[in-house]
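For reference, work_27.cif (mmCIF, C-alpha atoms):
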```cif
data_final
loop_
_atom_site.label_atom_id
_atom_site.label_comp_id
_atom_site.auth_asym_id
_atom_site.auth_seq_id
_atom_site.Cartn_x
_atom_site.Cartn_y
_atom_site.Cartn_z
CA MET A 3 -11.17 9.37 20.66
CA SER A 4 -10.67 7.53 17.36
CA LEU A 5 -13.41 5.34 15.91
CA THR A 6 -11.33 2.19 16.53
CA VAL A 7 -11.11 2.93 20.26
CA LYS A 8 -14.86 3.62 20.40
CA VAL A 9 -15.64 0.35 18.62
CA MET A 10 -13.31 -1.60 20.93
CA LEU A 11 -15.07 -0.03 23.94
CA GLY A 12 -18.43 -1.00 22.43
CA MET A 13 -17.20 -4.56 21.93
CA GLY A 14 -15.85 -4.79 25.50
CA LEU A 15 -19.03 -3.37 27.05
CA GLY A 16 -21.13 -5.67 24.86
CA LEU A 17 -19.19 -8.69 26.09
CA ILE A 18 -19.65 -7.67 29.75
CA VAL A 19 -23.36 -6.89 29.35
CA GLY A 20 -23.92 -10.14 27.40
CA VAL A 21 -22.26 -12.30 30.07
CA ILE A 22 -24.27 -10.55 32.85
CA PHE A 23 -27.57 -10.91 30.95
CA ASN A 24 -26.81 -14.60 30.33
CA MET A 25 -26.34 -15.13 34.08
CA ILE A 26 -29.54 -13.23 34.95
CA ASP A 27 -31.62 -15.21 32.40
CA SER A 28 -34.66 -12.91 32.58
CA SER A 29 -37.49 -13.51 30.10
CA PHE A 30 -38.11 -9.75 29.82
CA ILE A 31 -34.43 -9.05 29.03
CA ASN A 32 -34.19 -11.98 26.60
CA THR A 33 -37.40 -11.05 24.76
CA HIS A 34 -37.49 -7.27 24.72
CA VAL A 35 -33.92 -6.07 25.31
CA VAL A 36 -31.78 -8.75 23.63
CA GLY A 37 -34.27 -10.26 21.16
CA GLY A 38 -35.90 -6.88 20.55
CA LEU A 39 -33.74 -3.75 20.91
CA PHE A 40 -30.27 -5.32 20.53
CA ALA A 41 -31.36 -7.57 17.67
CA MET A 42 -32.99 -4.63 15.85
CA ILE A 43 -30.00 -2.26 16.16
CA GLY A 44 -27.51 -5.03 15.31
CA LYS A 45 -29.46 -6.10 12.24
CA MET A 46 -29.86 -2.49 11.09
CA PHE A 47 -26.10 -1.98 11.36
CA VAL A 48 -25.23 -5.17 9.43
CA ASN A 49 -27.86 -4.32 6.78
CA ALA A 50 -26.34 -0.84 6.44
CA LEU A 51 -22.91 -2.38 5.81
CA LYS A 52 -24.34 -4.83 3.27
CA MET A 53 -26.16 -1.91 1.61
CA LEU A 54 -22.77 -0.42 0.73
CA VAL A 55 -21.09 -3.52 -0.68
CA VAL A 56 -22.36 -3.79 -4.27
CA PRO A 57 -22.28 -0.08 -5.24
CA LEU A 58 -18.91 0.40 -3.51
CA VAL A 59 -17.37 -2.63 -5.23
CA PHE A 60 -18.82 -1.60 -8.61
CA PHE A 61 -17.58 2.00 -8.65
CA SER A 62 -14.31 1.20 -6.90
CA LEU A 63 -13.54 -1.66 -9.28
CA ILE A 64 -14.40 0.40 -12.37
CA CYS A 65 -11.97 3.06 -11.12
CA GLY A 66 -9.42 0.34 -10.38
CA VAL A 67 -9.61 -1.29 -13.82
CA THR A 68 -9.44 2.03 -15.66
CA GLY A 69 -6.71 3.21 -13.27
CA ILE A 70 -4.51 0.22 -14.18
CA GLY A 71 -5.04 1.08 -17.83
CA ASP A 72 -3.43 -2.15 -19.08
CA ILE A 73 -5.42 -5.35 -19.48
CA ARG A 74 -2.25 -7.45 -19.15
CA VAL A 75 -1.47 -5.90 -15.76
CA LEU A 76 -5.06 -6.57 -14.68
CA GLY A 77 -4.66 -10.22 -15.68
CA ARG A 78 -1.41 -10.42 -13.73
CA VAL A 79 -3.03 -8.94 -10.60
CA GLY A 80 -5.95 -11.36 -10.92
CA GLY A 81 -3.70 -14.36 -11.48
CA LYS A 82 -1.41 -13.54 -8.54
CA SER A 83 -4.29 -12.93 -6.13
CA PHE A 84 -6.14 -16.11 -7.19
CA ALA A 85 -3.02 -18.26 -6.75
CA LEU A 86 -2.21 -16.72 -3.36
CA TYR A 87 -5.78 -17.11 -2.10
CA LEU A 88 -5.85 -20.80 -3.03
CA ALA A 89 -2.37 -21.35 -1.55
CA THR A 90 -3.18 -19.69 1.79
CA THR A 91 -6.45 -21.65 2.07
CA ALA A 92 -4.64 -24.95 1.38
CA ILE A 93 -1.89 -24.08 3.89
CA ALA A 94 -4.50 -23.06 6.48
CA ILE A 95 -6.42 -26.34 6.39
CA ALA A 96 -3.24 -28.45 6.23
CA VAL A 97 -1.88 -26.73 9.37
CA ALA A 98 -5.28 -27.13 11.07
CA ILE A 99 -5.41 -30.87 10.34
CA LEU A 100 -1.83 -31.34 11.55
CA LEU A 101 -2.49 -29.44 14.80
CA ALA A 102 -5.79 -31.27 15.40
CA THR A 103 -4.10 -34.63 14.78
CA ILE A 104 -1.44 -33.79 17.38
CA ILE A 105 -3.95 -32.55 20.02
CA GLY A 106 -6.60 -35.20 19.21
CA PRO A 107 -9.88 -33.44 20.13
CA GLY A 108 -12.95 -35.70 20.29
CA LYS A 109 -11.30 -38.85 21.62
CA GLY A 110 -13.52 -40.42 24.27
CA PHE A 111 -16.38 -37.98 23.57
CA ASP A 112 -19.74 -39.12 24.98
CA MET A 113 -22.50 -38.83 22.37
CA ALA A 114 -25.26 -39.36 24.96
CA GLY A 115 -27.74 -36.51 25.04
CA VAL A 116 -26.67 -34.97 21.72
CA ASP A 117 -29.67 -34.26 19.48
CA THR A 118 -28.52 -34.96 15.93
CA THR A 119 -31.89 -34.42 14.23
CA GLY A 120 -32.48 -31.59 11.80
CA VAL A 121 -28.95 -31.50 10.33
CA THR A 122 -29.08 -31.81 6.56
CA GLY A 123 -26.26 -32.04 4.06
CA LYS A 124 -25.52 -30.07 0.91
CA GLU A 125 -24.09 -31.64 -2.21
CA ALA A 126 -20.67 -30.39 -3.26
CA PRO A 127 -20.64 -28.58 -6.64
CA SER A 128 -18.31 -29.79 -9.35
CA VAL A 129 -15.32 -27.64 -10.18
CA TRP A 130 -16.86 -27.02 -13.61
CA ASP A 131 -20.11 -25.74 -12.10
CA VAL A 132 -18.19 -23.44 -9.77
CA PHE A 133 -16.30 -21.74 -12.60
CA ALA A 134 -19.32 -21.69 -14.94
CA GLY A 135 -21.33 -19.92 -12.22
CA ILE A 136 -18.90 -16.99 -12.22
CA VAL A 137 -20.43 -15.71 -15.50
CA PRO A 138 -23.82 -14.09 -14.80
CA THR A 139 -26.86 -14.72 -16.99
CA ASN A 140 -28.47 -11.54 -15.69
CA PRO A 141 -26.13 -8.85 -14.28
CA VAL A 142 -29.04 -6.97 -12.70
CA ALA A 143 -30.05 -10.09 -10.74
CA SER A 144 -26.43 -10.62 -9.69
CA PHE A 145 -26.25 -7.06 -8.37
CA ALA A 146 -29.62 -7.45 -6.60
CA ASN A 147 -28.61 -10.77 -4.97
CA GLY A 148 -25.09 -9.62 -4.10
CA ASP A 149 -23.39 -12.52 -5.94
CA MET A 150 -19.90 -11.07 -5.61
CA LEU A 151 -18.02 -13.27 -8.10
CA GLN A 152 -20.61 -12.48 -10.78
CA VAL A 153 -20.58 -8.77 -9.88
CA ILE A 154 -16.76 -8.72 -10.10
CA PHE A 155 -16.75 -10.58 -13.44
CA TYR A 156 -19.31 -8.24 -15.02
CA THR A 157 -17.62 -5.09 -13.65
CA VAL A 158 -14.17 -6.16 -14.90
CA ILE A 159 -15.59 -6.87 -18.38
CA LEU A 160 -17.34 -3.49 -18.34
CA GLY A 161 -14.11 -1.79 -17.22
CA ILE A 162 -12.17 -3.43 -20.07
CA ALA A 163 -14.81 -2.24 -22.56
CA VAL A 164 -14.52 1.29 -21.14
CA LEU A 165 -10.73 1.16 -21.64
CA MET A 166 -11.15 -0.01 -25.24
CA LEU A 167 -13.33 3.00 -26.06
CA GLY A 168 -10.49 5.36 -25.13
CA GLY A 169 -11.24 9.11 -24.88
CA LYS A 170 -14.99 8.63 -25.30
CA SER A 171 -15.09 7.06 -21.82
CA LYS A 172 -13.71 10.10 -19.98
CA PRO A 173 -17.11 11.43 -18.73
CA PHE A 174 -18.11 7.94 -17.55
CA ILE A 175 -14.81 7.43 -15.68
CA GLU A 176 -15.10 10.86 -14.03
CA GLY A 177 -18.66 9.99 -12.96
CA CYS A 178 -17.48 6.67 -11.47
CA GLU A 179 -14.62 8.39 -9.65
CA TYR A 180 -17.09 10.87 -8.15
CA MET A 181 -19.48 8.07 -7.14
CA ASN A 182 -16.58 6.16 -5.59
CA GLU A 183 -15.81 9.20 -3.41
CA VAL A 184 -19.49 9.49 -2.50
CA MET A 185 -19.65 5.82 -1.49
CA MET A 186 -16.53 6.16 0.68
CA LYS A 187 -18.22 9.10 2.42
CA VAL A 188 -21.33 6.94 2.96
CA VAL A 189 -19.01 4.32 4.50
CA SER A 190 -17.80 6.99 6.93
CA ILE A 191 -21.40 7.85 7.87
CA VAL A 192 -22.32 4.20 8.52
CA MET A 193 -19.09 3.59 10.45
CA ALA A 194 -19.92 6.48 12.79
CA PHE A 195 -22.69 4.29 14.21
CA ALA A 196 -20.36 1.28 14.53
CA PRO A 197 -19.78 1.46 18.33
CA TYR A 198 -23.52 1.09 18.98
CA GLY A 199 -24.04 -1.61 16.34
CA VAL A 200 -21.02 -3.60 17.57
CA PHE A 201 -22.18 -3.28 21.20
CA CYS A 202 -25.61 -4.71 20.35
CA LEU A 203 -24.23 -7.53 18.18
CA ILE A 204 -21.70 -8.65 20.81
CA ALA A 205 -24.14 -8.29 23.72
CA LYS A 206 -26.75 -10.37 21.87
CA THR A 207 -24.23 -13.09 20.98
CA PHE A 208 -22.84 -13.49 24.50
CA THR A 209 -26.31 -13.36 26.08
CA GLU A 210 -27.41 -16.27 23.89
CA GLN A 211 -24.13 -18.24 24.05
CA GLY A 212 -23.88 -19.56 27.60
CA ILE A 213 -20.61 -20.99 28.89
CA GLU A 214 -22.29 -24.36 29.37
CA LEU A 215 -22.31 -24.82 25.56
CA PHE A 216 -18.49 -24.80 25.47
CA ILE A 217 -17.72 -27.31 28.23
CA PRO A 218 -18.60 -30.54 26.31
CA VAL A 219 -16.64 -29.45 23.22
CA MET A 220 -13.85 -27.51 24.95
CA ALA A 221 -11.12 -29.60 23.28
CA TYR A 222 -12.59 -28.70 19.85
CA VAL A 223 -12.86 -24.99 20.74
CA VAL A 224 -9.31 -24.76 22.11
CA THR A 225 -7.83 -26.60 19.10
CA LEU A 226 -9.76 -24.40 16.65
CA VAL A 227 -8.78 -21.14 18.35
CA LEU A 228 -5.12 -22.22 18.49
CA ALA A 229 -5.16 -23.11 14.79
CA LEU A 230 -6.79 -19.78 13.88
CA LEU A 231 -4.27 -17.77 15.93
CA LEU A 232 -1.37 -19.78 14.50
CA HIS A 233 -2.49 -19.00 10.96
CA LEU A 234 -3.22 -15.34 11.72
CA PHE A 235 0.00 -14.46 13.55
CA GLY A 236 2.21 -17.16 12.04
CA THR A 237 1.46 -18.15 8.44
CA LEU A 238 -0.08 -14.88 7.20
CA MET A 239 2.48 -12.60 8.86
CA LEU A 240 5.40 -14.73 7.65
CA LEU A 241 4.00 -14.58 4.10
CA LEU A 242 3.55 -10.82 4.38
CA LYS A 243 7.14 -10.31 5.57
CA ALA A 244 8.67 -12.77 3.10
CA LEU A 245 6.78 -11.64 -0.01
CA SER A 246 6.40 -7.90 0.62
CA GLY A 247 9.06 -6.99 3.20
CA LEU A 248 6.52 -4.91 5.16
CA ASN A 249 6.39 -4.79 8.97
CA PRO A 250 3.71 -7.24 10.23
CA PHE A 251 3.21 -5.30 13.50
CA ILE A 252 2.35 -2.07 11.67
CA PHE A 253 0.11 -4.00 9.28
CA MET A 254 -1.87 -5.68 12.10
CA LYS A 255 -2.34 -2.36 13.89
CA LYS A 256 -3.63 -0.77 10.69
CA MET A 257 -6.10 -3.63 10.06
CA ARG A 258 -7.54 -3.66 13.59
CA PRO A 259 -10.78 -1.77 12.71
CA ALA A 260 -11.63 -4.25 9.93
CA GLN A 261 -10.88 -7.21 12.23
CA ILE A 262 -13.23 -5.82 14.90
CA PHE A 263 -15.99 -5.31 12.32
CA ALA A 264 -15.47 -8.84 10.99
CA PHE A 265 -15.61 -10.30 14.51
CA SER A 266 -18.83 -8.40 15.22
CA THR A 267 -20.68 -9.19 11.98
CA ALA A 268 -19.26 -12.68 11.25
CA SER A 269 -19.59 -11.80 7.56
CA SER A 270 -16.68 -11.23 5.16
CA ASN A 271 -19.00 -9.62 2.60
CA ALA A 272 -20.54 -7.18 5.10
CA THR A 273 -17.03 -6.16 6.16
CA ILE A 274 -15.86 -5.37 2.58
CA PRO A 275 -16.41 -1.58 2.93
CA VAL A 276 -14.30 -1.44 6.11
CA THR A 277 -11.62 -3.82 4.77
CA LEU A 278 -11.36 -1.76 1.59
CA ARG A 279 -11.06 1.47 3.56
CA CYS A 280 -8.37 0.06 5.89
CA THR A 281 -6.42 -1.51 3.02
CA THR A 282 -6.34 1.67 0.92
CA GLN A 283 -6.38 4.51 3.46
CA ARG A 284 -4.54 2.86 6.37
CA VAL A 285 -2.14 0.35 4.73
CA GLY A 286 -1.59 2.37 1.54
CA VAL A 287 -2.57 -0.20 -1.10
CA ASP A 288 -3.54 1.52 -4.35
CA ASN A 289 -7.26 1.35 -5.17
CA SER A 290 -6.47 -0.21 -8.56
CA VAL A 291 -5.33 -3.38 -6.74
CA ALA A 292 -7.46 -3.28 -3.56
CA SER A 293 -10.74 -2.73 -5.44
CA PHE A 294 -10.23 -6.10 -7.15
CA CYS A 295 -8.42 -8.15 -4.51
CA VAL A 296 -10.55 -7.32 -1.45
CA PRO A 297 -14.04 -8.22 -2.80
CA PHE A 298 -12.53 -11.16 -4.71
CA GLY A 299 -10.93 -12.43 -1.50
CA ALA A 300 -14.11 -11.92 0.54
CA THR A 301 -15.77 -14.46 -1.77
CA ILE A 302 -13.09 -17.08 -2.43
CA ASN A 303 -10.60 -16.66 0.43
CA MET A 304 -11.90 -18.67 3.39
CA ASP A 305 -8.78 -19.34 5.45
CA GLY A 306 -10.61 -19.26 8.80
CA THR A 307 -13.49 -21.36 7.48
CA ALA A 308 -11.06 -23.91 5.98
CA ILE A 309 -9.32 -24.18 9.36
CA MET A 310 -12.68 -24.86 11.02
CA GLN A 311 -13.38 -27.63 8.50
CA GLY A 312 -10.01 -29.25 9.13
CA VAL A 313 -10.34 -29.21 12.93
CA ALA A 314 -14.02 -30.24 12.82
CA THR A 315 -13.27 -33.17 10.48
CA VAL A 316 -10.53 -34.52 12.78
CA PHE A 317 -12.77 -33.93 15.83
CA LEU A 318 -15.74 -35.80 14.34
CA ALA A 319 -13.50 -38.60 13.02
CA ASN A 320 -12.21 -39.08 16.59
CA VAL A 321 -15.76 -38.93 18.02
CA TYR A 322 -16.97 -41.70 15.68
CA GLY A 323 -13.70 -43.65 15.87
CA ILE A 324 -13.08 -43.47 12.11
CA ASP A 325 -9.53 -43.38 10.73
CA LEU A 326 -9.55 -41.20 7.62
CA GLY A 327 -5.91 -41.82 6.73
CA LEU A 328 -3.73 -39.64 4.54
CA GLY A 329 -6.01 -39.99 1.51
CA GLY A 330 -9.02 -38.79 3.51
CA TYR A 331 -7.20 -35.69 4.76
CA VAL A 332 -5.97 -34.85 1.26
CA THR A 333 -9.61 -35.08 0.11
CA VAL A 334 -10.61 -32.72 2.95
CA ILE A 335 -7.98 -30.16 1.83
CA ALA A 336 -9.07 -30.35 -1.83
CA MET A 337 -12.78 -30.13 -0.96
CA ALA A 338 -12.29 -27.18 1.39
CA VAL A 339 -10.36 -25.22 -1.27
CA LEU A 340 -13.00 -25.99 -3.92
CA ALA A 341 -15.94 -25.20 -1.64
CA SER A 342 -14.39 -21.88 -0.60
CA ILE A 343 -14.40 -20.66 -4.22
CA GLY A 344 -18.12 -21.10 -4.73
CA THR A 345 -19.47 -20.16 -1.30
CA ALA A 346 -20.63 -16.71 -0.21
CA GLY A 347 -19.00 -14.84 2.67
CA VAL A 348 -22.04 -14.74 4.95
CA PRO A 349 -22.60 -15.86 8.58
CA GLY A 350 -22.91 -19.62 9.09
CA VAL A 351 -21.59 -20.57 5.66
CA GLY A 352 -18.86 -22.67 7.28
CA LEU A 353 -21.40 -25.29 8.39
CA VAL A 354 -22.81 -25.53 4.85
CA MET A 355 -19.30 -26.11 3.50
CA LEU A 356 -18.61 -28.63 6.29
CA THR A 357 -21.54 -30.82 5.21
CA MET A 358 -19.96 -31.07 1.73
CA VAL A 359 -16.59 -32.07 3.19
CA LEU A 360 -18.01 -34.65 5.61
CA SER A 361 -20.12 -36.33 2.93
CA GLN A 362 -17.04 -36.66 0.70
CA VAL A 363 -14.97 -38.49 3.35
CA GLY A 364 -17.84 -40.64 4.66
CA LEU A 365 -18.32 -39.05 8.10
CA PRO A 366 -21.88 -38.75 9.50
CA ILE A 367 -23.27 -35.30 8.74
CA GLU A 368 -25.37 -35.51 11.93
CA GLY A 369 -22.15 -34.98 13.90
CA ILE A 370 -22.36 -31.26 13.08
CA ALA A 371 -25.01 -31.02 15.82
CA ILE A 372 -22.22 -31.50 18.40
CA ILE A 373 -20.47 -28.25 17.40
CA LEU A 374 -23.57 -26.31 16.34
CA GLY A 375 -23.95 -24.48 19.65
CA VAL A 376 -20.47 -22.93 19.64
CA ASP A 377 -20.31 -22.21 15.91
CA ARG A 378 -21.54 -18.60 16.08
CA LEU A 379 -18.67 -17.47 18.31
CA MET A 380 -16.17 -19.52 16.33
CA ASP A 381 -17.59 -17.97 13.13
CA MET A 382 -16.80 -14.50 14.49
CA ILE A 383 -13.16 -15.40 15.12
CA ARG A 384 -12.61 -17.13 11.79
CA THR A 385 -14.19 -14.21 9.86
CA ALA A 386 -11.57 -11.89 11.38
CA VAL A 387 -8.92 -14.33 10.09
CA ASN A 388 -10.59 -14.42 6.65
CA ILE A 389 -10.53 -10.64 6.10
CA THR A 390 -6.95 -10.38 7.39
CA GLY A 391 -5.99 -12.93 4.73
CA ASP A 392 -7.77 -10.78 2.10
CA ALA A 393 -5.77 -7.73 3.17
CA VAL A 394 -2.46 -9.65 3.32
CA VAL A 395 -2.83 -10.99 -0.23
CA SER A 396 -3.97 -7.56 -1.50
CA THR A 397 -0.88 -5.97 0.07
CA ILE A 398 1.53 -8.62 -1.27
CA VAL A 399 0.13 -8.30 -4.81
CA ALA A 400 0.18 -4.49 -4.63
CA LYS A 401 3.78 -4.44 -3.33
CA GLY A 402 4.84 -6.67 -6.22
CA GLU A 403 3.24 -4.20 -8.66
CA GLY A 404 4.76 -1.15 -6.91
CA LYS A 405 1.30 -0.04 -5.82
CA VAL A 406 1.82 0.47 -2.05
CA ASP A 407 2.23 4.04 -0.78
CA MET A 408 4.92 3.65 1.88
CA ALA A 409 4.26 7.14 3.25
CA ILE A 410 0.72 6.04 4.16
CA PHE A 411 1.90 2.68 5.49
CA ASN A 412 4.47 4.27 7.80
CA ASP A 413 2.13 7.05 8.99
CA PRO A 414 0.36 5.82 12.17
CA ASP A 415 -2.41 8.42 11.74
CA ALA A 416 -3.11 7.79 8.06
CA GLY A 417 -6.79 7.03 7.43
CA VAL A 418 -7.79 7.22 11.10
CA MET A 419 -11.44 8.23 11.19
CA THR A 420 -12.28 11.15 13.50
CA GLU A 421 -15.25 13.44 14.08
CA ASP A 422 -13.85 15.76 11.37
CA ASP A 423 -14.83 13.20 8.69
CA LEU A 424 -18.50 13.86 9.42
CA GLU A 425 -18.37 17.64 9.82
CA MET A 426 -20.53 19.60 7.39
CA ASP A 427 -18.90 22.45 5.45
CA GLU A 428 -21.48 25.25 5.65
CA ALA A 429 -19.93 27.23 2.77
CA ALA A 430 -19.98 24.14 0.53
CA GLU A 431 -23.59 23.41 1.54
CA LYS A 432 -24.70 26.94 0.61
CA GLU A 433 -22.82 26.79 -2.67
CA LEU A 434 -24.45 23.49 -3.61
CA ALA A 435 -27.90 24.68 -2.50
CA ALA A 436 -27.56 27.78 -4.69
CA TYR A 437 -26.48 25.59 -7.62
CA ALA A 438 -29.38 23.19 -7.10
CA LYS A 439 -32.08 25.92 -7.03
CA PRO A 440 -34.10 26.19 -10.27
CA HIS A 441 -32.98 29.19 -12.34
#
```
This structure in structure tokens:
Amino acid sequence: MSLTVKVMLGMGLGLIVGVIFNMIDSSFINTHVVGGLFAMIGKMFVNALKMLVVPLVFFSLICGVTGIGDIRVLGRVGGKSFALYLATTAIAIAVAILLATIIGPGKGFDMAGVDTTGVTGKEAPSVWDVFAGIVPTNPVASFANGDMLQVIFYTVILGIAVLMLGGKSKPFIEGCEYMNEVMMKVVSIVMAFAPYGVFCLIAKTFTEQGIELFIPVMAYVVTLVLALLLHLFGTLMLLLKALSGLNPFIFMKKMRPAQIFAFSTASSNATIPVTLRCTTQRVGVDNSVASFCVPFGATINMDGTAIMQGVATVFLANVYGIDLGLGGYVTVIAMAVLASIGTAGVPGVGLVMLTMVLSQVGLPIEGIAIILGVDRLMDMIRTAVNITGDAVVSTIVAKGEGKVDMAIFNDPDAGVMTEDDLEMDEAAEKELAAYAKPH
């Protein structure tokens, strides 16, 4: 059985167990099984994924920059990916606002019984602050905090310096290539535990998220899910076909493992190792492009989150009976694109970005309390959309640069993880042990 099938089984069983536990509503189960065992295993799994992100991005990106070997090509890859990420985010929120305007969620909503206390806003950063913050004052602190834009900036600068030194850099590049292989093997080890981690994460979420939370805001949930699916299967796949010529059905099948991980963790950053593996080993995108585009996209490409902001803004405007008009919706689109650049890809970040958007168009921030209960599940769905957008842009850019291996893309078994990936080679172990012994 492939890892993807195992993870899907874990997700399905987690959903069933979570729904059953929610119906039982036992204090022992909630405290010790869900809040204890499931929470512990789920958190350990997400932490293990996050543990991989910074070293994997660093070594992979160094190999990518030196592999390109031409600073002008690197600038072209960066420029294309940045433009595509901003364009897809703007399209995503525009489509979401249009769909929400047609459906009209929130009209006639009864605010009685909604506790709006405890919801605080966050001031939107200026565009100048966002771009200034990309340059780190302390690279070590950026690596420690996992500030991906700063990590990417520093690593690219370091990679350019390595290129400028020419032949002197050969030992360093070989060391980075080796460490990149080591990190990909560590990814395989962590992913072997994915079925159990995904089971616990899904079971915990569905135990805590009762169906009664969805009934009052069902119109919002349905509109949001429709908008997300429309962008995922419509906009992104049309862009992929139009700009790369690749088969969207094959692409979606290849990206399924990363989508499942994203749904389970609700974190674009935590899913970077899996997205990078799927994009390079399953889709066939060269590491020189994927190592830059994937982590870059995980930070600035928030298609799913932008869609949530568009639908939520229309929903809350209808709830409060406020007509935003064309100017208000244009402001929402601009704010969502700007906020997505400077916001980390971690769970719950969509609500932080939403407070910025609402304050800009004059809607009460307290209205977020209405959708707070269902946001975790919605966050899981929109994160899967986010990472698919990262992979689509990476593939389009790579195809334009002639950096997609079509043999890998057309091979259904390419990059499929099996038990063989974790088998130990006894001869190699003995050889290394003999080498490591003091002489």
### Query
Between A:Ile162, A:Ala393, A:Ala260, A:Val55, which one has atoms that come closest to Ala146 (chain A), using all atoms listed in the file?
A:Val55
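Taking CA of Ala416 (chain A) as the reference point, CA of Gly161 (chain A) is found at 29.2 Å.
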Expand the PyMOL selection byres ((chain A and resi 6-16) around 7) into the explicit residue set it covers here, and present it as a PDB file with C-alpha atoms, keeping the file's coordinate frame.
```pdb
ATOM      1  CA  MET A   3     -11.170   9.370  20.660  1.00  0.00           C
ATOM      2  CA  SER A   4     -10.670   7.530  17.360  1.00  0.00           C
ATOM      3  CA  LEU A   5     -13.410   5.340  15.910  1.00  0.00           C
ATOM      4  CA  LEU A  17     -19.190  -8.690  26.090  1.00  0.00           C
ATOM      5  CA  ILE A  18     -19.650  -7.670  29.750  1.00  0.00           C
ATOM      6  CA  VAL A  19     -23.360  -6.890  29.350  1.00  0.00           C
ATOM      7  CA  GLY A  20     -23.920 -10.140  27.400  1.00  0.00           C
ATOM      8  CA  ALA A 196     -20.360   1.280  14.530  1.00  0.00           C
ATOM      9  CA  PRO A 197     -19.780   1.460  18.330  1.00  0.00           C
ATOM     10  CA  TYR A 198     -23.520   1.090  18.980  1.00  0.00           C
ATOM     11  CA  VAL A 200     -21.020  -3.600  17.570  1.00  0.00           C
ATOM     12  CA  PHE A 201     -22.180  -3.280  21.200  1.00  0.00           C
ATOM     13  CA  CYS A 202     -25.610  -4.710  20.350  1.00  0.00           C
ATOM     14  CA  ILE A 204     -21.700  -8.650  20.810  1.00  0.00           C
ATOM     15  CA  ALA A 205     -24.140  -8.290  23.720  1.00  0.00           C
ATOM     16  CA  PRO A 259     -10.780  -1.770  12.710  1.00  0.00           C
TER      17      PRO A 259
END
```
### Message
Taking only C-alpha atoms into account, name the residue in A:Thr277, A:Thr357, A:Ser290, A:Ser269 that is nearest to Thr390 (chain A).
### Response
A:Thr277
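Shortest separation to Met380 (chain A) among A:Phe40, A:Tyr331, A:Phe61, A:Phe265 occurs at residue A:Phe265, atoms counted being only C-alpha atoms.
The smallest atom-to-atom distance between His233 (chain A) and any of A:Ser144, A:Ser83, A:Gln362, A:Thr90, using only C-alpha atoms, is found for A:Thr90.
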### Message
With 12 Å as the threshold, what does the neighbourhood of (-17.0, -12.5, -12.0) contain in terms of residues, counting only C-alpha atoms? Coordinates are those of the file; answer as a VMD selection string.
### Response
chain A and resid 59 to 60 63 80 132 to 139 141 144 to 145 148 to 160 294 297 to 298 301 to 302 343 to 344
Writing out the chosen residues with C-alpha atoms as a compact mmCIF listing (two decimals), keeping the file's coordinate frame:
```txt
# COMPACT_ATOMS: atom_id res chain seq x y z
CA VAL A 59 -17.37 -2.63 -5.23
CA PHE A 60 -18.82 -1.60 -8.61
CA LEU A 63 -13.54 -1.66 -9.28
CA GLY A 80 -5.95 -11.36 -10.92
CA VAL A 132 -18.19 -23.44 -9.77
CA PHE A 133 -16.30 -21.74 -12.60
CA ALA A 134 -19.32 -21.69 -14.94
CA GLY A 135 -21.33 -19.92 -12.22
CA ILE A 136 -18.90 -16.99 -12.22
CA VAL A 137 -20.43 -15.71 -15.50
CA PRO A 138 -23.82 -14.09 -14.80
CA THR A 139 -26.86 -14.72 -16.99
CA PRO A 141 -26.13 -8.85 -14.28
CA SER A 144 -26.43 -10.62 -9.69
CA PHE A 145 -26.25 -7.06 -8.37
CA GLY A 148 -25.09 -9.62 -4.10
CA ASP A 149 -23.39 -12.52 -5.94
CA MET A 150 -19.90 -11.07 -5.61
CA LEU A 151 -18.02 -13.27 -8.10
CA GLN A 152 -20.61 -12.48 -10.78
CA VAL A 153 -20.58 -8.77 -9.88
CA ILE A 154 -16.76 -8.72 -10.10
CA PHE A 155 -16.75 -10.58 -13.44
CA TYR A 156 -19.31 -8.24 -15.02
CA THR A 157 -17.62 -5.09 -13.65
CA VAL A 158 -14.17 -6.16 -14.90
CA ILE A 159 -15.59 -6.87 -18.38
CA LEU A 160 -17.34 -3.49 -18.34
CA PHE A 294 -10.23 -6.10 -7.15
CA PRO A 297 -14.04 -8.22 -2.80
CA PHE A 298 -12.53 -11.16 -4.71
CA THR A 301 -15.77 -14.46 -1.77
CA ILE A 302 -13.09 -17.08 -2.43
CA ILE A 343 -14.40 -20.66 -4.22
CA GLY A 344 -18.12 -21.10 -4.73
```
### Message
For this structure, which residues satisfy the selection - the PyMOL selection byres ((chain A and resi 98) around 10) - when it is evaluated on the file as given? I want them as a ChimeraX atom specification.
### Response
/A:92-97,99-104,225-226,228-230,232-233,306,308-314,316
### Summary
Of A:Ala89, A:Leu326, A:Ile217, A:Val36, the one nearest to Asp305 (chain A) when counting only C-alpha atoms is A:Ala89
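For the choices A:Phe216, A:Phe30, A:Tyr322, A:Phe84, the atom-to-atom distance to Leu374 (chain A) is smallest for A:Phe216 when using only C-alpha atoms.
Note that the spacing between CA of Val359 (chain A) and CA of Ala221 (chain A) amounts to 21.0 Å.
CA of Leu245 (chain A) is positioned 14.7 Å from CA of Asp392 (chain A).
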### Reference answer for the PyMOL selection byres ((chain A and resi 395) around 10), as a count of residues only
29
